[in-house]
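*Asks:* Dumping the structure here so I can ask a few things about it.
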Amino acid sequence: MSQVYAGLMSGTSLDGVDGVLVDFSSERLRVLGHVSAALPDALKRELLQLNTPGANELHRAALAANALVRVYADVMAQLLSTCHLEASEVRAIGAHGQTVRHRPQSFDATGYTIQLNQPALLAEWTGMDVVADFRSRDVAAGGQGAPLVPPFHQAFFGHLGGLSGVLNIGGISNITVLNRAAPDHAIGFDCGPGNALIDAWCQAHTGAAYDDAGRWAAGGGIHAGLLQSLLDEPFFTQSPPKSTGRDLFNGPWLQAKLAGYSGVPAQDVQATLTELTARSCAASVQQFAPGCERLIVCGGGALNTHLMQRLQALLPGCTVASSQDHGLPPLQVEATAFAWLAQQCVERKTASLKSVTGARGARILGAIYPA
């Protein structure tokens, strides 16, 4: 039976959908193809708005999910064409959906997590099995339901010697700490904002969707007072397991922090927001991976040269490098992780770590929608 799986990822950065086809038939996985597609502007705006309460949001969320799945289906069609494969040759698609609420352990001790998705519609349109809803089982077991990728990081990067960190910088940043001497004790958690605030501020003040290579931030100055105000957010001092999202790190949060700093130039705010991401990520390494030999960075943040340079400056004893240098391009890591999560679900294997999410134990993650 085929061991080719697809992974689809649209993260909190909302910069688009990444899709991969991955062959797991050998000991070392092989990415057969990668396709990226931008989200339509109207859908991106709607998804951003749905991160906060609003009028008629159930109706709007359902239609946004349908629209997102149209992009997913288009990405799958491009992948099949690029790789010269038929739908029947793909065992399943791992489709995470778009997280719009993430409040584990809140309100009633269980809380909830919501990803907009229409896996039944995706199965209908593609003719392939779809695996979705990866977070909710872990939340039901008392866990954070996030981050989801550390078990995959362990599977792909765990062979490296010594102590390593895998830092994913998407809209939100998360880290996995891997110790080859103690492979059963990997930890992972969300560090704080990744690109979400950086991108939003850049777009609002320059019109560009993101700060290309961090050049705009690099030309600004870090405002010490504003930076400290941002770092005073209690989330940063919480002990893991912990996770976060746009529920916390969003436009209103930033505007509240900026209230006392109205005279700070926009470019200096950009530099300060970039430093916030660098400092919060570096602090996570320093506190929970002291002596870390290498930090492998993936996600869109790995393409931000200025951010990468700041991470290296803050972690002088650690080699900071893109995941590209370790066999997997940064924009393929998370999508590949969801292909791997789909495989784990189909094969009824657990794909969570108690040491990461704080759940009562490892669980099989995902729900299968047959073609």
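We label chains A, B, ... in the order they appear in the structure tokens, count residues from 1 in each chain, and number ligands from 1 in the order shown.
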Please identify every residue of segment 52-166 of chain A that has at least one atom no farther than 8 Å from an atom of segment 2-6 of chain A, counting only C-alpha atoms, and for each give the shortest atom pair and the distance in Å to one decimal, arranged by chain then increasing number, as a tab-separated table.

*Replies:*
```
residue	atom	partner	partner_atom	distance
A:Glu89	CA	A:Ser2	CA	6.1
A:Val90	CA	A:Val4	CA	5.2
A:Arg91	CA	A:Tyr5	CA	5.5
A:Ala92	CA	A:Tyr5	CA	5.3
A:Ile93	CA	A:Ala6	CA	4.5
A:Gly94	CA	A:Ala6	CA	6.0
```

*Asks:* Output N, CA and C atoms for every residue in that selection, as a PDB file, in the first residue's frame.

*Replies:*
```pdb
ATOM      1  N   GLU A  89      -2.848   7.254  -5.622  1.00  0.00           N
ATOM      2  CA  GLU A  89      -1.503   6.931  -5.149  1.00  0.00           C
ATOM      3  C   GLU A  89      -1.149   7.649  -3.850  1.00  0.00           C
ATOM      4  N   VAL A  90      -2.049   8.466  -3.343  1.00  0.00           N
ATOM      5  CA  VAL A  90      -1.831   9.197  -2.090  1.00  0.00           C
ATOM      6  C   VAL A  90      -2.679   8.551  -1.004  1.00  0.00           C
ATOM      7  N   ARG A  91      -2.034   8.096   0.049  1.00  0.00           N
ATOM      8  CA  ARG A  91      -2.739   7.365   1.104  1.00  0.00           C
ATOM      9  C   ARG A  91      -3.713   8.282   1.848  1.00  0.00           C
ATOM     10  N   ALA A  92      -3.289   9.489   2.167  1.00  0.00           N
ATOM     11  CA  ALA A  92      -4.173  10.420   2.883  1.00  0.00           C
ATOM     12  C   ALA A  92      -3.551  11.809   2.879  1.00  0.00           C
ATOM     13  N   ILE A  93      -4.413  12.794   3.090  1.00  0.00           N
ATOM     14  CA  ILE A  93      -3.995  14.186   3.243  1.00  0.00           C
ATOM     15  C   ILE A  93      -4.095  14.559   4.718  1.00  0.00           C
ATOM     16  N   GLY A  94      -3.052  15.138   5.264  1.00  0.00           N
ATOM     17  CA  GLY A  94      -3.123  15.729   6.600  1.00  0.00           C
ATOM     18  C   GLY A  94      -3.411  17.211   6.455  1.00  0.00           C
TER      19      GLY A  94
END
```

*Asks:* Find the residues near Lys44 of chain A: any atom within 9 Å, counting only C-alpha atoms, skip ones fewer than 4 places away on the same chain, and give them as number ranges by chain.

*Replies:* A: 14-16, 39-40, 48-49

*Asks:* Can I get the selection written as a CSV table (one decimal), in the first residue's frame, with N, CA and C atoms?

*Replies:*
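Final output, again.csv:
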```csv
chain,number,residue,atom,x,y,z
A,14,LEU,N,-0.8,33.5,8.3
A,14,LEU,CA,-1.8,33.7,7.2
A,14,LEU,C,-1.1,34.2,5.9
A,15,ASP,N,0.2,33.7,5.7
A,15,ASP,CA,0.9,34.1,4.5
A,15,ASP,C,0.6,33.2,3.3
A,16,GLY,N,-0.3,32.2,3.6
A,16,GLY,CA,-0.7,31.3,2.5
A,16,GLY,C,-0.7,29.8,2.9
A,39,LEU,N,-3.3,33.1,0.1
A,39,LEU,CA,-4.7,33.1,0.4
A,39,LEU,C,-5.3,34.4,-0.3
A,40,PRO,N,-6.5,34.3,-0.8
A,40,PRO,CA,-7.1,35.5,-1.4
A,40,PRO,C,-7.2,36.5,-0.3
A,48,LEU,N,-8.5,36.7,9.7
A,48,LEU,CA,-8.0,37.6,10.8
A,48,LEU,C,-9.1,38.1,11.7
A,49,GLN,N,-10.2,38.5,11.1
A,49,GLN,CA,-11.3,39.0,11.9
A,49,GLN,C,-12.0,38.0,12.7
```

*Asks:* Restrict the calculation to only C-alpha atoms, then for each residue of segment 223-338 of chain A with any atom at most 10 Å from an atom of segment 143-157 of chain A give the closest atom pair and their distance in Å to one decimal, rows by chain and rising residue number, as a Markdown table.

*Replies:*
```
| residue | atom | partner | partner_atom | distance |
| --- | --- | --- | --- | --- |
| A:Pro240 | CA | A:Gln144 | CA | 9.7 |
| A:Pro241 | CA | A:Gln144 | CA | 7.0 |
| A:Lys242 | CA | A:Gln144 | CA | 6.5 |
| A:Ser243 | CA | A:Ala146 | CA | 6.0 |
| A:Thr244 | CA | A:Ala146 | CA | 8.4 |
| A:Ile296 | CA | A:Phe157 | CA | 9.1 |
| A:Ser323 | CA | A:Phe157 | CA | 9.5 |
| A:His326 | CA | A:Phe157 | CA | 8.0 |
| A:Gly327 | CA | A:Phe157 | CA | 9.3 |
| A:Leu328 | CA | A:Phe156 | CA | 9.3 |
| A:Val333 | CA | A:His153 | CA | 8.8 |
| A:Glu334 | CA | A:Val149 | CA | 7.1 |
| A:Ala335 | CA | A:Val149 | CA | 9.9 |
| A:Thr336 | CA | A:Phe152 | CA | 8.7 |
| A:Ala337 | CA | A:Phe152 | CA | 5.7 |
| A:Phe338 | CA | A:Val149 | CA | 8.1 |
```

*Asks:* Based on the selection just made, write C-alpha atoms of those residues as a PDB file, in the first residue's frame.

*Replies:*
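Below is the file out-v1.pdb, written as the result:
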```pdb
ATOM      1  CA  PRO A 240       5.626  24.971  30.006  1.00  0.00           C
ATOM      2  CA  PRO A 241       3.560  23.217  28.917  1.00  0.00           C
ATOM      3  CA  LYS A 242       2.077  26.355  27.414  1.00  0.00           C
ATOM      4  CA  SER A 243       0.638  27.490  24.106  1.00  0.00           C
ATOM      5  CA  THR A 244      -0.725  30.709  22.704  1.00  0.00           C
ATOM      6  CA  ILE A 296      17.508  24.685  13.766  1.00  0.00           C
ATOM      7  CA  SER A 323      16.475  23.771   8.629  1.00  0.00           C
ATOM      8  CA  HIS A 326      19.673  19.883   7.911  1.00  0.00           C
ATOM      9  CA  GLY A 327      17.809  18.460   4.952  1.00  0.00           C
ATOM     10  CA  LEU A 328      14.402  20.141   4.956  1.00  0.00           C
ATOM     11  CA  VAL A 333       8.826  21.549   7.704  1.00  0.00           C
ATOM     12  CA  GLU A 334       5.342  22.139   9.096  1.00  0.00           C
ATOM     13  CA  ALA A 335       3.519  20.807   6.048  1.00  0.00           C
ATOM     14  CA  THR A 336       5.722  17.707   6.195  1.00  0.00           C
ATOM     15  CA  ALA A 337       4.874  17.385   9.872  1.00  0.00           C
ATOM     16  CA  PHE A 338       1.169  17.191   9.004  1.00  0.00           C
TER      17      PHE A 338
END
```

*Asks:* Could you pull out the helix (DSSP H, G or I) residues of segment 160-237 of chain A, going by DSSP on the backbone, and write them as a PyMOL selection string?

*Replies:* chain A and resi 183-185+196-206+212-218+224-231+234-237

*Asks:* Write a file of the just-selected residues containing N, CA and C atoms, as an mmCIF file, in the first residue's frame.

*Replies:*
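Writing the result to part-v2.cif gives the following:
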```cif
data_model
loop_
_atom_site.group_PDB
_atom_site.id
_atom_site.type_symbol
_atom_site.label_atom_id
_atom_site.label_comp_id
_atom_site.auth_asym_id
_atom_site.auth_seq_id
_atom_site.Cartn_x
_atom_site.Cartn_y
_atom_site.Cartn_z
ATOM 1 N N PRO A 183 16.079 10.616 24.599
ATOM 2 C CA PRO A 183 15.118 10.814 23.511
ATOM 3 C C PRO A 183 13.663 10.766 23.950
ATOM 4 N N ASP A 184 13.372 10.171 25.096
ATOM 5 C CA ASP A 184 11.987 10.073 25.559
ATOM 6 C C ASP A 184 11.553 11.291 26.359
ATOM 7 N N HIS A 185 12.415 12.269 26.462
ATOM 8 C CA HIS A 185 12.101 13.426 27.292
ATOM 9 C C HIS A 185 12.174 14.734 26.508
ATOM 10 N N ALA A 196 3.624 37.150 13.431
ATOM 11 C CA ALA A 196 2.286 37.739 13.376
ATOM 12 C C ALA A 196 2.308 39.250 13.567
ATOM 13 N N LEU A 197 2.949 39.728 14.618
ATOM 14 C CA LEU A 197 2.978 41.161 14.892
ATOM 15 C C LEU A 197 3.907 41.886 13.918
ATOM 16 N N ILE A 198 5.036 41.258 13.603
ATOM 17 C CA ILE A 198 6.000 41.845 12.661
ATOM 18 C C ILE A 198 5.340 42.087 11.305
ATOM 19 N N ASP A 199 4.640 41.076 10.790
ATOM 20 C CA ASP A 199 4.008 41.185 9.476
ATOM 21 C C ASP A 199 2.887 42.215 9.487
ATOM 22 N N ALA A 200 2.049 42.178 10.524
ATOM 23 C CA ALA A 200 0.905 43.087 10.585
ATOM 24 C C ALA A 200 1.362 44.542 10.633
ATOM 25 N N TRP A 201 2.394 44.820 11.428
ATOM 26 C CA TRP A 201 2.889 46.194 11.542
ATOM 27 C C TRP A 201 3.520 46.648 10.227
ATOM 28 N N CYS A 202 4.267 45.760 9.600
ATOM 29 C CA CYS A 202 4.906 46.074 8.324
ATOM 30 C C CYS A 202 3.857 46.389 7.259
ATOM 31 N N GLN A 203 2.824 45.573 7.185
ATOM 32 C CA GLN A 203 1.798 45.790 6.167
ATOM 33 C C GLN A 203 1.051 47.095 6.417
ATOM 34 N N ALA A 204 0.760 47.383 7.694
ATOM 35 C CA ALA A 204 0.019 48.595 8.025
ATOM 36 C C ALA A 204 0.799 49.857 7.683
ATOM 37 N N HIS A 205 2.132 49.801 7.765
ATOM 38 C CA HIS A 205 2.934 51.021 7.627
ATOM 39 C C HIS A 205 3.752 51.104 6.343
ATOM 40 N N THR A 206 3.893 49.999 5.632
ATOM 41 C CA THR A 206 4.635 50.048 4.371
ATOM 42 C C THR A 206 3.817 49.515 3.200
ATOM 43 N N ASP A 212 10.744 42.015 4.166
ATOM 44 C CA ASP A 212 11.626 41.152 3.384
ATOM 45 C C ASP A 212 13.031 41.119 3.985
ATOM 46 N N ALA A 213 13.441 39.935 4.434
ATOM 47 C CA ALA A 213 14.755 39.710 5.051
ATOM 48 C C ALA A 213 14.964 40.550 6.304
ATOM 49 N N GLY A 214 13.898 41.201 6.794
ATOM 50 C CA GLY A 214 14.015 42.032 7.995
ATOM 51 C C GLY A 214 14.722 43.352 7.745
ATOM 52 N N ARG A 215 14.761 43.779 6.478
ATOM 53 C CA ARG A 215 15.529 44.983 6.152
ATOM 54 C C ARG A 215 14.960 46.235 6.820
ATOM 55 N N TRP A 216 13.636 46.350 6.865
ATOM 56 C CA TRP A 216 13.034 47.545 7.475
ATOM 57 C C TRP A 216 13.368 47.595 8.966
ATOM 58 N N ALA A 217 13.230 46.451 9.632
ATOM 59 C CA ALA A 217 13.568 46.398 11.057
ATOM 60 C C ALA A 217 15.045 46.706 11.283
ATOM 61 N N ALA A 218 15.890 46.192 10.427
ATOM 62 C CA ALA A 218 17.333 46.383 10.593
ATOM 63 C C ALA A 218 17.720 47.852 10.519
ATOM 64 N N ALA A 224 13.943 50.682 24.051
ATOM 65 C CA ALA A 224 14.108 49.861 25.260
ATOM 66 C C ALA A 224 12.854 49.843 26.118
ATOM 67 N N GLY A 225 12.213 50.994 26.293
ATOM 68 C CA GLY A 225 11.015 51.049 27.133
ATOM 69 C C GLY A 225 9.877 50.242 26.558
ATOM 70 N N LEU A 226 9.633 50.392 25.254
ATOM 71 C CA LEU A 226 8.570 49.633 24.603
ATOM 72 C C LEU A 226 8.873 48.139 24.651
ATOM 73 N N LEU A 227 10.125 47.771 24.392
ATOM 74 C CA LEU A 227 10.502 46.362 24.426
ATOM 75 C C LEU A 227 10.221 45.767 25.797
ATOM 76 N N GLN A 228 10.576 46.473 26.847
ATOM 77 C CA GLN A 228 10.331 45.959 28.195
ATOM 78 C C GLN A 228 8.843 45.818 28.466
ATOM 79 N N SER A 229 8.054 46.795 27.987
ATOM 80 C CA SER A 229 6.605 46.705 28.160
ATOM 81 C C SER A 229 6.045 45.467 27.469
ATOM 82 N N LEU A 230 6.542 45.185 26.283
ATOM 83 C CA LEU A 230 6.106 43.992 25.560
ATOM 84 C C LEU A 230 6.516 42.722 26.300
ATOM 85 N N LEU A 231 7.741 42.699 26.806
ATOM 86 C CA LEU A 231 8.248 41.516 27.510
ATOM 87 C C LEU A 231 7.609 41.316 28.878
ATOM 88 N N PRO A 234 2.673 38.482 30.944
ATOM 89 C CA PRO A 234 2.855 37.321 31.832
ATOM 90 C C PRO A 234 3.105 36.006 31.117
ATOM 91 N N PHE A 235 2.637 35.863 29.880
ATOM 92 C CA PHE A 235 2.840 34.596 29.167
ATOM 93 C C PHE A 235 4.310 34.206 29.132
ATOM 94 N N PHE A 236 5.193 35.194 28.984
ATOM 95 C CA PHE A 236 6.604 34.884 28.800
ATOM 96 C C PHE A 236 7.234 34.233 30.027
ATOM 97 N N THR A 237 6.678 34.461 31.191
ATOM 98 C CA THR A 237 7.244 33.876 32.412
ATOM 99 C C THR A 237 6.510 32.618 32.859
#
```

*Asks:* Which residue out of A:Val131, A:Leu276, A:Leu21, A:Leu307 has the minimum interatomic distance to Gly192 of chain A when only C-alpha atoms are used?

*Replies:*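 Among A:Val131, A:Leu276, A:Leu21, A:Leu307, it is A:Leu276 that comes nearest to Gly192 of chain A.
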
*Asks:* Can you tell me, as a PyMOL selection string, what residues are no more than 10 Å from Leu365 of chain A when counting only C-alpha atoms, ignoring any on the same chain fewer than 4 positions away?

*Replies:* chain A and resi 131-138+145+148+341-342+344-346+348-352

*Asks:* So what do you get for atom CA of Phe107 of chain A versus atom CA of Asp190 of chain A, distance-wise?

*Replies:*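 Atom-to-atom, atom CA of Phe107 of chain A to atom CA of Asp190 of chain A, that is 20.4 Å.
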
*Asks:* I need the residues of segment 65-293 of chain A that end up classed as strand (DSSP E) by DSSP on the backbone, written out as a PyMOL selection string.

*Replies:* chain A and resi 92-95+98-104+111-116+130-132+163-169+172-179+187-193

*Asks:* Name the residues in contact with Asn66 of chain A at a cut-off of 8 Å, using only C-alpha atoms, excluding same-chain residues fewer than 2 positions from it; report them as a list in words.

*Replies:*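 Neighbouring residues, sequence-local ones excluded: Ala62, Leu63, Ala64, Leu68, Val69, Arg70, Asn117, Gln118 and Leu121 of chain A.
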
*Asks:* Could you state the separation of atom CA of Ala278 of chain A and atom CA of Thr319 of chain A in Å, given to one decimal place?

*Replies:*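 Computing it gives 14.7 Å between the two atoms.
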
*Asks:* Point out the residue among A:Cys281, A:Ala271, A:Leu331, A:Ala208 with the least atom-to-atom distance to Ser173 of chain A, counting only C-alpha atoms.

*Replies:* A:Cys281

*Asks:* Which residues come within 6 Å of Asp18 of chain A, counting only C-alpha atoms, excluding same-chain residues fewer than 5 positions away, as a ChimeraX atom specification?

*Replies:* /A:8-9,35-36

*Asks:* Let me make sure I understand: among A:Ala65, A:Leu32, A:Leu315, A:Leu58, which one has the smallest atom-to-atom distance to His84 of chain A if we use only C-alpha atoms?

*Replies:* A:Leu32

*Asks:* For a quick check of understanding, using only C-alpha atoms, which of A:Arg246, A:Gly299, A:His223, A:Gln286 has the smallest distance to Leu258 of chain A?

*Replies:*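 Of A:Arg246, A:Gly299, A:His223, A:Gln286, the one nearest Leu258 of chain A is A:His223, counting only C-alpha atoms.
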
*Asks:* Name the closest residue to Trp340 of chain A among the candidates A:Ala283, A:Ala95, A:Ala362, A:Cys83; distances are taken between atoms, counting only C-alpha atoms.

*Replies:* A:Ala95
